[in-house]
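Raw contents of coords32.cif, mmCIF, C-alpha atoms:
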```
data_run
#
loop_
_atom_site.label_atom_id
_atom_site.label_comp_id
_atom_site.auth_asym_id
_atom_site.auth_seq_id
_atom_site.Cartn_x
_atom_site.Cartn_y
_atom_site.Cartn_z
CA MET A 1 0.00 0.00 0.00
CA ALA A 2 1.32 3.41 -0.94
CA ALA A 3 2.65 5.69 1.79
CA GLY A 4 0.07 8.08 3.17
CA VAL A 5 -2.77 5.71 2.43
CA THR A 6 -4.86 5.01 5.47
CA THR A 7 -5.39 1.34 6.22
CA SER A 8 -8.56 1.65 8.28
CA ALA A 9 -11.00 -0.98 7.14
CA GLY A 10 -14.58 -0.77 5.95
CA PRO A 11 -17.19 -3.40 5.09
CA LYS A 12 -16.04 -6.62 3.45
CA ALA A 13 -16.48 -6.85 -0.30
CA TYR A 14 -15.20 -8.96 -3.17
CA LEU A 15 -13.49 -7.79 -6.32
CA SER A 16 -13.30 -9.96 -9.43
CA ARG A 17 -11.06 -9.47 -12.41
CA ARG A 18 -11.13 -11.43 -15.67
CA TYR A 19 -8.03 -12.25 -17.67
CA ARG A 20 -7.74 -14.01 -21.02
CA VAL A 21 -5.24 -16.83 -21.40
CA SER A 22 -4.85 -18.78 -24.63
CA ALA A 23 -3.02 -22.06 -24.23
CA SER A 24 -2.90 -25.57 -25.60
CA HIS A 25 -3.14 -28.82 -23.71
CA ARG A 26 -3.53 -32.52 -24.17
CA LEU A 27 -5.39 -34.65 -21.67
CA HIS A 28 -3.35 -37.78 -21.17
CA SER A 29 -2.53 -39.75 -18.02
CA GLU A 30 0.50 -41.99 -17.63
CA ALA A 31 -1.64 -44.11 -15.31
CA TYR A 32 -3.83 -45.21 -18.23
CA SER A 33 -3.09 -47.38 -21.25
CA VAL A 34 -3.36 -45.93 -24.75
CA GLU A 35 -6.86 -47.34 -25.08
CA GLU A 36 -7.92 -46.13 -21.65
CA ASN A 37 -6.62 -42.63 -22.38
CA ARG A 38 -8.62 -42.57 -25.57
CA ALA A 39 -11.72 -43.87 -23.80
CA VAL A 40 -11.49 -41.42 -20.87
CA TYR A 41 -10.39 -38.26 -22.67
CA GLY A 42 -11.80 -38.82 -26.17
CA LYS A 43 -10.72 -36.18 -28.66
CA CYS A 44 -8.95 -34.26 -25.86
CA ASN A 45 -6.37 -37.08 -26.00
CA ASN A 46 -5.29 -36.14 -29.54
CA PRO A 47 -1.47 -36.50 -29.38
CA HIS A 48 -0.83 -33.07 -30.89
CA GLY A 49 -3.03 -31.24 -28.40
CA HIS A 50 -5.61 -28.54 -28.89
CA GLY A 51 -6.19 -25.12 -27.35
CA HIS A 52 -8.64 -22.80 -25.64
CA ASN A 53 -9.15 -19.13 -24.98
CA TYR A 54 -9.54 -19.46 -21.24
CA ALA A 55 -11.33 -16.70 -19.33
CA VAL A 56 -9.76 -16.68 -15.89
CA GLU A 57 -11.85 -14.89 -13.26
CA VAL A 58 -10.02 -14.20 -10.01
CA THR A 59 -12.00 -13.08 -6.92
CA LEU A 60 -10.34 -11.35 -3.98
CA GLY A 61 -12.08 -10.65 -0.69
CA GLY A 62 -11.38 -8.28 2.13
CA PRO A 63 -12.34 -5.09 3.90
CA VAL A 64 -12.77 -2.06 1.67
CA ASN A 65 -9.92 0.30 2.49
CA ALA A 66 -11.39 3.53 3.82
CA GLY A 67 -8.77 5.64 2.06
CA THR A 68 -8.99 4.15 -1.42
CA GLY A 69 -12.49 2.65 -1.42
CA MET A 70 -10.94 -0.54 -2.76
CA VAL A 71 -10.38 -4.15 -1.71
CA CYS A 72 -6.96 -4.06 -3.33
CA ASP A 73 -4.90 -1.97 -5.72
CA LEU A 74 -5.98 -3.00 -9.21
CA GLY A 75 -2.62 -2.00 -10.68
CA GLU A 76 -0.82 -4.33 -8.25
CA LEU A 77 -3.26 -7.14 -9.06
CA ASP A 78 -2.81 -6.69 -12.83
CA GLU A 79 0.96 -6.58 -12.40
CA PHE A 80 0.88 -9.79 -10.37
CA ALA A 81 -1.36 -11.40 -13.00
CA ARG A 82 0.91 -10.25 -15.81
CA THR A 83 3.93 -11.91 -14.21
CA HIS A 84 2.39 -14.98 -12.59
CA LEU A 85 -0.54 -15.76 -14.89
CA LEU A 86 -0.12 -14.27 -18.36
CA GLN A 87 3.65 -14.55 -18.82
CA ARG A 88 3.57 -18.04 -17.38
CA PHE A 89 0.62 -19.54 -19.25
CA ASP A 90 -0.54 -17.32 -22.13
CA GLY A 91 0.57 -18.70 -25.49
CA MET A 92 2.00 -21.82 -23.89
CA ASN A 93 1.49 -25.55 -24.20
CA LEU A 94 0.43 -26.46 -20.66
CA ASN A 95 1.78 -30.02 -20.95
CA THR A 96 5.31 -28.70 -21.41
CA LEU A 97 5.26 -26.82 -18.09
CA GLU A 98 6.83 -28.33 -15.01
CA GLU A 99 3.65 -28.03 -12.90
CA PHE A 100 1.84 -30.34 -15.35
CA HIS A 101 4.54 -32.97 -15.78
CA LYS A 102 2.85 -35.16 -13.19
CA LEU A 103 -0.57 -33.57 -13.27
CA VAL A 104 -2.99 -33.81 -16.20
CA PRO A 105 -3.68 -30.22 -17.36
CA THR A 106 -7.43 -30.51 -17.13
CA THR A 107 -9.14 -27.22 -16.45
CA GLU A 108 -9.91 -28.52 -12.94
CA ASN A 109 -6.18 -28.85 -12.24
CA PHE A 110 -5.43 -25.58 -14.06
CA THR A 111 -8.00 -23.80 -11.86
CA ARG A 112 -6.42 -25.18 -8.66
CA GLU A 113 -2.94 -24.23 -9.87
CA ILE A 114 -4.04 -20.64 -10.54
CA TYR A 115 -5.77 -20.47 -7.15
CA ARG A 116 -2.52 -21.61 -5.50
CA THR A 117 -0.64 -19.01 -7.51
CA PHE A 118 -2.86 -16.12 -6.40
CA GLN A 119 -2.43 -17.21 -2.78
CA GLY A 120 0.96 -15.58 -3.27
CA PHE A 121 -0.65 -12.20 -3.99
CA THR A 122 -0.32 -10.09 -0.85
CA GLY A 123 -2.68 -7.22 -1.80
CA ALA A 124 -5.85 -9.12 -0.81
CA LYS A 125 -6.92 -12.68 -0.16
CA VAL A 126 -7.93 -14.81 -3.14
CA VAL A 127 -11.21 -16.56 -2.35
CA ARG A 128 -12.16 -18.03 -5.71
CA VAL A 129 -10.82 -18.77 -9.17
CA ARG A 130 -13.32 -19.49 -11.91
CA ILE A 131 -12.24 -20.50 -15.40
CA GLU A 132 -14.40 -20.62 -18.48
CA GLU A 133 -12.70 -23.14 -20.75
CA THR A 134 -15.28 -22.49 -23.46
CA GLY A 135 -18.61 -20.69 -23.38
CA ASN A 136 -20.16 -23.98 -22.25
CA ASN A 137 -17.74 -25.25 -19.61
CA SER A 138 -16.62 -23.45 -16.49
CA PHE A 139 -14.79 -24.53 -13.34
CA GLU A 140 -14.57 -22.97 -9.89
CA TYR A 141 -12.28 -23.53 -6.95
CA GLY A 142 -12.02 -21.69 -3.65
CA GLU A 143 -13.51 -21.19 -0.27
CA LYS A 144 -17.19 -20.72 0.46
CA PHE A 145 -17.49 -17.01 1.12
CA GLU A 146 -21.05 -16.00 0.53
CA ARG A 147 -23.02 -14.86 3.52
CA GLY A 148 -25.87 -17.22 4.47
CA MET B 1 -34.83 -21.24 -0.44
CA ILE B 2 -34.17 -20.05 -3.95
CA LEU B 3 -32.08 -17.25 -5.41
CA LEU B 4 -33.40 -14.86 -8.03
CA THR B 5 -31.29 -12.32 -9.92
CA ARG B 6 -32.45 -9.24 -11.76
CA LYS B 7 -30.09 -7.33 -14.04
CA THR B 8 -30.22 -3.67 -14.99
CA GLU B 9 -27.84 -1.02 -16.29
CA PHE B 10 -26.90 2.56 -15.64
CA SER B 11 -24.34 4.87 -17.21
CA SER B 12 -22.55 7.27 -14.92
CA ALA B 13 -19.50 9.48 -14.59
CA HIS B 14 -17.11 9.44 -11.66
CA TYR B 15 -13.57 10.11 -10.53
CA TYR B 16 -11.49 8.89 -7.60
CA TRP B 17 -10.30 11.48 -5.13
CA ASN B 18 -9.51 11.32 -1.42
CA GLU B 19 -9.87 14.81 0.03
CA ALA B 20 -7.53 13.95 2.90
CA TRP B 21 -4.63 13.49 0.48
CA THR B 22 -2.58 15.89 -1.60
CA GLU B 23 -3.04 16.12 -5.34
CA ALA B 24 0.22 14.21 -5.83
CA GLU B 25 -0.91 11.38 -3.54
CA ASN B 26 -4.26 11.12 -5.32
CA GLU B 27 -2.56 10.97 -8.69
CA ARG B 28 -0.08 8.36 -7.49
CA VAL B 29 -2.72 6.07 -5.99
CA PHE B 30 -5.56 6.55 -8.46
CA GLY B 31 -3.67 7.37 -11.68
CA ARG B 32 -5.94 8.32 -14.56
CA CYS B 33 -9.02 7.74 -12.40
CA ALA B 34 -8.08 10.88 -10.43
CA ASN B 35 -8.77 13.14 -13.43
CA ARG B 36 -11.21 15.58 -11.86
CA ASN B 37 -13.10 16.14 -15.08
CA GLY B 38 -14.33 12.60 -14.52
CA HIS B 39 -14.80 9.67 -16.86
CA GLY B 40 -17.63 7.20 -17.24
CA HIS B 41 -18.78 3.61 -17.53
CA ASN B 42 -21.77 1.57 -18.57
CA TYR B 43 -22.36 -0.22 -15.29
CA THR B 44 -24.28 -3.47 -15.11
CA LEU B 45 -26.05 -4.16 -11.84
CA GLU B 46 -27.12 -7.65 -10.78
CA VAL B 47 -29.26 -7.87 -7.67
CA THR B 48 -29.80 -11.33 -6.18
CA VAL B 49 -32.55 -11.93 -3.64
CA ALA B 50 -33.19 -15.05 -1.57
CA GLY B 51 -36.51 -16.35 -0.41
CA GLU B 52 -39.10 -19.07 -0.36
CA VAL B 53 -41.34 -19.71 -3.35
CA ASP B 54 -44.88 -18.55 -2.69
CA PRO B 55 -47.09 -21.66 -3.07
CA VAL B 56 -49.82 -19.72 -4.84
CA SER B 57 -47.95 -17.32 -7.15
CA GLY B 58 -44.91 -19.57 -7.64
CA PHE B 59 -42.75 -16.45 -7.22
CA VAL B 60 -40.02 -15.57 -4.74
CA VAL B 61 -40.64 -11.96 -5.52
CA ASP B 62 -42.77 -10.15 -8.07
CA LEU B 63 -40.21 -9.39 -10.79
CA LYS B 64 -42.17 -6.41 -12.02
CA GLU B 65 -42.09 -4.98 -8.52
CA LEU B 66 -38.36 -5.74 -8.16
CA LYS B 67 -37.73 -4.01 -11.48
CA GLU B 68 -39.62 -0.94 -10.25
CA ILE B 69 -37.70 -0.90 -6.96
CA LEU B 70 -34.35 -1.05 -8.79
CA GLU B 71 -35.50 1.72 -11.11
CA ARG B 72 -36.71 3.94 -8.27
CA GLU B 73 -33.93 3.32 -5.74
CA VAL B 74 -30.91 3.04 -8.03
CA VAL B 75 -31.27 3.65 -11.76
CA SER B 76 -33.25 6.91 -11.51
CA VAL B 77 -30.63 8.23 -9.06
CA TYR B 78 -27.42 7.00 -10.78
CA ASP B 79 -28.17 6.84 -14.51
CA HIS B 80 -26.69 9.67 -16.58
CA ARG B 81 -25.41 11.32 -13.42
CA HIS B 82 -22.00 12.24 -12.12
CA LEU B 83 -21.71 10.07 -9.01
CA ASN B 84 -19.31 12.39 -7.16
CA LEU B 85 -21.29 15.55 -7.89
CA GLU B 86 -24.92 14.45 -8.03
CA VAL B 87 -25.38 11.41 -5.77
CA ALA B 88 -25.60 12.12 -2.05
CA GLU B 89 -23.69 9.08 -0.73
CA PHE B 90 -20.59 9.91 -2.79
CA ALA B 91 -20.62 13.69 -2.24
CA ALA B 92 -17.56 15.57 -1.00
CA GLY B 93 -17.21 15.15 2.76
CA THR B 94 -18.73 11.66 2.88
CA GLY B 95 -15.33 9.98 2.40
CA MET B 96 -17.09 7.50 0.10
CA ILE B 97 -15.16 7.27 -3.17
CA PRO B 98 -17.37 5.84 -5.96
CA THR B 99 -15.23 2.77 -6.63
CA THR B 100 -16.94 -0.37 -7.88
CA GLU B 101 -16.75 -1.83 -4.36
CA ASN B 102 -18.35 1.25 -2.78
CA ILE B 103 -21.04 1.46 -5.46
CA ALA B 104 -22.01 -2.16 -4.63
CA ILE B 105 -22.12 -1.29 -0.90
CA ALA B 106 -24.14 1.90 -1.54
CA ILE B 107 -26.65 0.02 -3.69
CA TRP B 108 -27.00 -2.62 -0.95
CA ARG B 109 -27.80 0.14 1.55
CA ARG B 110 -30.34 1.66 -0.85
CA LEU B 111 -32.13 -1.67 -1.33
CA GLU B 112 -31.87 -3.30 2.09
CA GLY B 113 -35.31 -3.76 3.65
CA LYS B 114 -37.11 -2.49 0.57
CA ILE B 115 -37.82 -5.77 -1.22
CA PRO B 116 -41.04 -7.31 0.10
CA GLY B 117 -40.99 -11.04 0.78
CA ALA B 118 -37.31 -11.65 0.03
CA ARG B 119 -33.92 -11.09 1.60
CA LEU B 120 -31.19 -9.25 -0.25
CA HIS B 121 -28.46 -11.83 -0.97
CA ARG B 122 -25.90 -10.20 -3.24
CA VAL B 123 -25.28 -6.95 -5.09
CA ARG B 124 -22.90 -7.33 -8.02
CA VAL B 125 -21.73 -4.31 -9.98
CA TYR B 126 -19.82 -4.64 -13.24
CA GLU B 127 -17.77 -1.56 -14.10
CA ARG B 128 -16.66 -3.37 -17.25
CA SER B 129 -17.09 -6.94 -18.39
CA ASP B 130 -13.66 -7.79 -16.92
CA LEU B 131 -14.07 -6.03 -13.55
CA PHE B 132 -16.82 -6.39 -10.98
CA ALA B 133 -17.46 -6.15 -7.25
CA ASP B 134 -19.74 -8.23 -5.01
CA TYR B 135 -21.23 -7.23 -1.68
CA TYR B 136 -23.14 -9.61 0.61
CA GLY B 137 -23.90 -7.17 3.40
CA GLU B 138 -20.87 -8.15 5.49
CA ARG B 139 -19.80 -5.43 7.91
#
```
Could you render the structure as structure tokens?
Amino acid sequence: MAAGVTTSAGPKAYLSRRYRVSASHRLHSEAYSVEENRAVYGKCNNPHGHGHNYAVEVTLGGPVNAGTGMVCDLGELDEFARTHLLQRFDGMNLNTLEEFHKLVPTTENFTREIYRTFQGFTGAKVVRVRIEETGNNSFEYGEKFERG
Amino acid sequence: MILLTRKTEFSSAHYYWNEAWTEAENERVFGRCANRNGHGHNYTLEVTVAGEVDPVSGFVVDLKELKEILEREVVSVYDHRHLNLEVAEFAAGTGMIPTTENIAIAIWRRLEGKIPGARLHRVRVYERSDLFADYYGER
């Protein structure tokens, strides 16, 4: 937080930001035979992979800062996302990345990996990551945070 | 219990400015949003209410009535207005900067207790399609 900015806290709110990540993946598990992989993953098991324009929605929760009126500094969040989300995953083949050497890069696992990543953001607490793999499929991971 | 969400829109101008800070501090923290001529957005508001389904009407809440409440309490006050200059809760001296978070909180306060037969569950305000704030009434 910038110097001179009061840190007194207001009501708790949630801020969500959407980022676009285009990446390729292939769903394939070493634990399955060739036939099993084909049966479980279908066309997603195509050896050459395929890709998606993922919409990654990150939700942060916390008290609204009385000085800024914000849950966190959006510039800091975007900078964190640029380094730890976009530079790391955008335009990449997920299967080639170390974090998916032993983990099938399903969007479930991708969602959990991004949630873990944003736990390293110190500006506010990540409470949910939601990824739209396509307009028809979306995945969510995080803590239950809604009142009631 | 079931949740019901009604969506509406309003277009407003605003700027970010903390009167307790110097001009330089405001510009450092808020950047372009501190331009005191203001700038604007097409906001999308989603109001979610929770309640039991009435066994006769089959409704949680009368949507027509909810639409009228949103129009009266929010849209008629915010739409085509400058939030800092024309909306009481964001006026100079309130300390309430019209950020997306604070707009969600202000709308909650405007609607709380005014929706017959249902409990306010969530107020979601989209400033743009890639940025939105949620408020659930947590203090």
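Near chain A, within 8 Å and using only C-alpha atoms, the residues of chain B are Asn18, Trp21, Glu25, Val29, Gly95, Met96, Ile97, Pro98, Thr99, Thr100, Glu101, Asn102, Ile105, His121, Ser129, Asp130, Leu131, Phe132, Ala133, Asp134, Tyr135, Tyr136, Gly137, Glu138 and Arg139 of chain B.
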Could you work out how far atom CA of Leu120 of chain B lies from atom CA of Phe10 of chain B, giving the answer in Å with one decimal? 19.9 Å
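Matched in the shown structure by the PyMOL selection byres ((chain A and resi 86) around 12): Arg18, Tyr19, Arg20, Val21, Ser22, Ala23, Tyr54, Ala55, Val56, Asp78, Glu79, Phe80, Ala81, Arg82, Thr83, His84, Leu85, Gln87, Arg88, Phe89, Asp90, Gly91, Met92, Ile114 and Thr117 of chain A.
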How would you write, as a PDB file with C-alpha atoms, in the coordinates of the input, the residues chosen by the PyMOL selection byres ((chain B and resi 77) around 12) on this structure?
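File written: out-v9.pdb
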```
ATOM      1  CA  PHE B  10     -26.900   2.560 -15.640  1.00  0.00           C
ATOM      2  CA  SER B  11     -24.340   4.870 -17.210  1.00  0.00           C
ATOM      3  CA  SER B  12     -22.550   7.270 -14.920  1.00  0.00           C
ATOM      4  CA  ILE B  69     -37.700  -0.900  -6.960  1.00  0.00           C
ATOM      5  CA  LEU B  70     -34.350  -1.050  -8.790  1.00  0.00           C
ATOM      6  CA  GLU B  71     -35.500   1.720 -11.110  1.00  0.00           C
ATOM      7  CA  ARG B  72     -36.710   3.940  -8.270  1.00  0.00           C
ATOM      8  CA  GLU B  73     -33.930   3.320  -5.740  1.00  0.00           C
ATOM      9  CA  VAL B  74     -30.910   3.040  -8.030  1.00  0.00           C
ATOM     10  CA  VAL B  75     -31.270   3.650 -11.760  1.00  0.00           C
ATOM     11  CA  SER B  76     -33.250   6.910 -11.510  1.00  0.00           C
ATOM     12  CA  TYR B  78     -27.420   7.000 -10.780  1.00  0.00           C
ATOM     13  CA  ASP B  79     -28.170   6.840 -14.510  1.00  0.00           C
ATOM     14  CA  HIS B  80     -26.690   9.670 -16.580  1.00  0.00           C
ATOM     15  CA  ARG B  81     -25.410  11.320 -13.420  1.00  0.00           C
ATOM     16  CA  HIS B  82     -22.000  12.240 -12.120  1.00  0.00           C
ATOM     17  CA  LEU B  83     -21.710  10.070  -9.010  1.00  0.00           C
ATOM     18  CA  LEU B  85     -21.290  15.550  -7.890  1.00  0.00           C
ATOM     19  CA  GLU B  86     -24.920  14.450  -8.030  1.00  0.00           C
ATOM     20  CA  VAL B  87     -25.380  11.410  -5.770  1.00  0.00           C
ATOM     21  CA  ALA B  88     -25.600  12.120  -2.050  1.00  0.00           C
ATOM     22  CA  GLU B  89     -23.690   9.080  -0.730  1.00  0.00           C
ATOM     23  CA  PHE B  90     -20.590   9.910  -2.790  1.00  0.00           C
ATOM     24  CA  ALA B 106     -24.140   1.900  -1.540  1.00  0.00           C
ATOM     25  CA  ILE B 107     -26.650   0.020  -3.690  1.00  0.00           C
ATOM     26  CA  ARG B 110     -30.340   1.660  -0.850  1.00  0.00           C
TER      27      ARG B 110
END
```
Using all atoms listed in the file, can you tell me which of B:Thr5, B:Asn84, B:Thr94, B:Thr22 comes closest to Val47 of chain B? B:Thr5
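Taking atom CA of Met1 of chain B as the reference point, atom CA of Glu52 of chain B is found at 4.8 Å.
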What does the PyMOL selection byres ((chain B and resi 39) around 7) select in this file, as a ChimeraX atom specification? /B:13-15,37-38,40
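What separates atom CA of Trp108 of chain B from atom CA of Arg124 of chain B is a distance of 9.4 Å.
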From the set B:Tyr16, B:Phe59, B:Phe30, B:Tyr126, which residue has the shortest atom-to-atom contact distance to Thr44 of chain B, counting all atoms listed in the file? B:Tyr126
Residues within 12 Å of segment 94-111 of chain A, please, as JSON, numbers by chain. Count all atoms listed in the file; anything in the same chain fewer than 6 positions from it doesn't count. {"A": [21, 22, 23, 24, 25, 26, 27, 28, 29, 30, 31, 32, 37, 41, 44, 45, 47, 48, 49, 50, 51, 52, 53, 54, 55, 56, 57, 58, 85, 88, 117, 118, 128, 129, 130, 131, 132, 133, 134, 137, 138, 139, 140, 141, 142]}
Quick one: everything within 10 Å of Val53 of chain B, counting all atoms listed in the file, minus sequence neighbours fewer than 6 positions away in the same chain. Send it as number ranges by chain. B: 1-3, 59-61, 117-118
Can I get the selection written as a short mmCIF file (atom, residue, chain, number, x, y, z; two decimals), in the coordinates of the input, with C-alpha atoms?
```cif
data_model
loop_
_atom_site.label_atom_id
_atom_site.label_comp_id
_atom_site.auth_asym_id
_atom_site.auth_seq_id
_atom_site.Cartn_x
_atom_site.Cartn_y
_atom_site.Cartn_z
CA MET B 1 -34.83 -21.24 -0.44
CA ILE B 2 -34.17 -20.05 -3.95
CA LEU B 3 -32.08 -17.25 -5.41
CA PHE B 59 -42.75 -16.45 -7.22
CA VAL B 60 -40.02 -15.57 -4.74
CA VAL B 61 -40.64 -11.96 -5.52
CA GLY B 117 -40.99 -11.04 0.78
CA ALA B 118 -37.31 -11.65 0.03
#
```
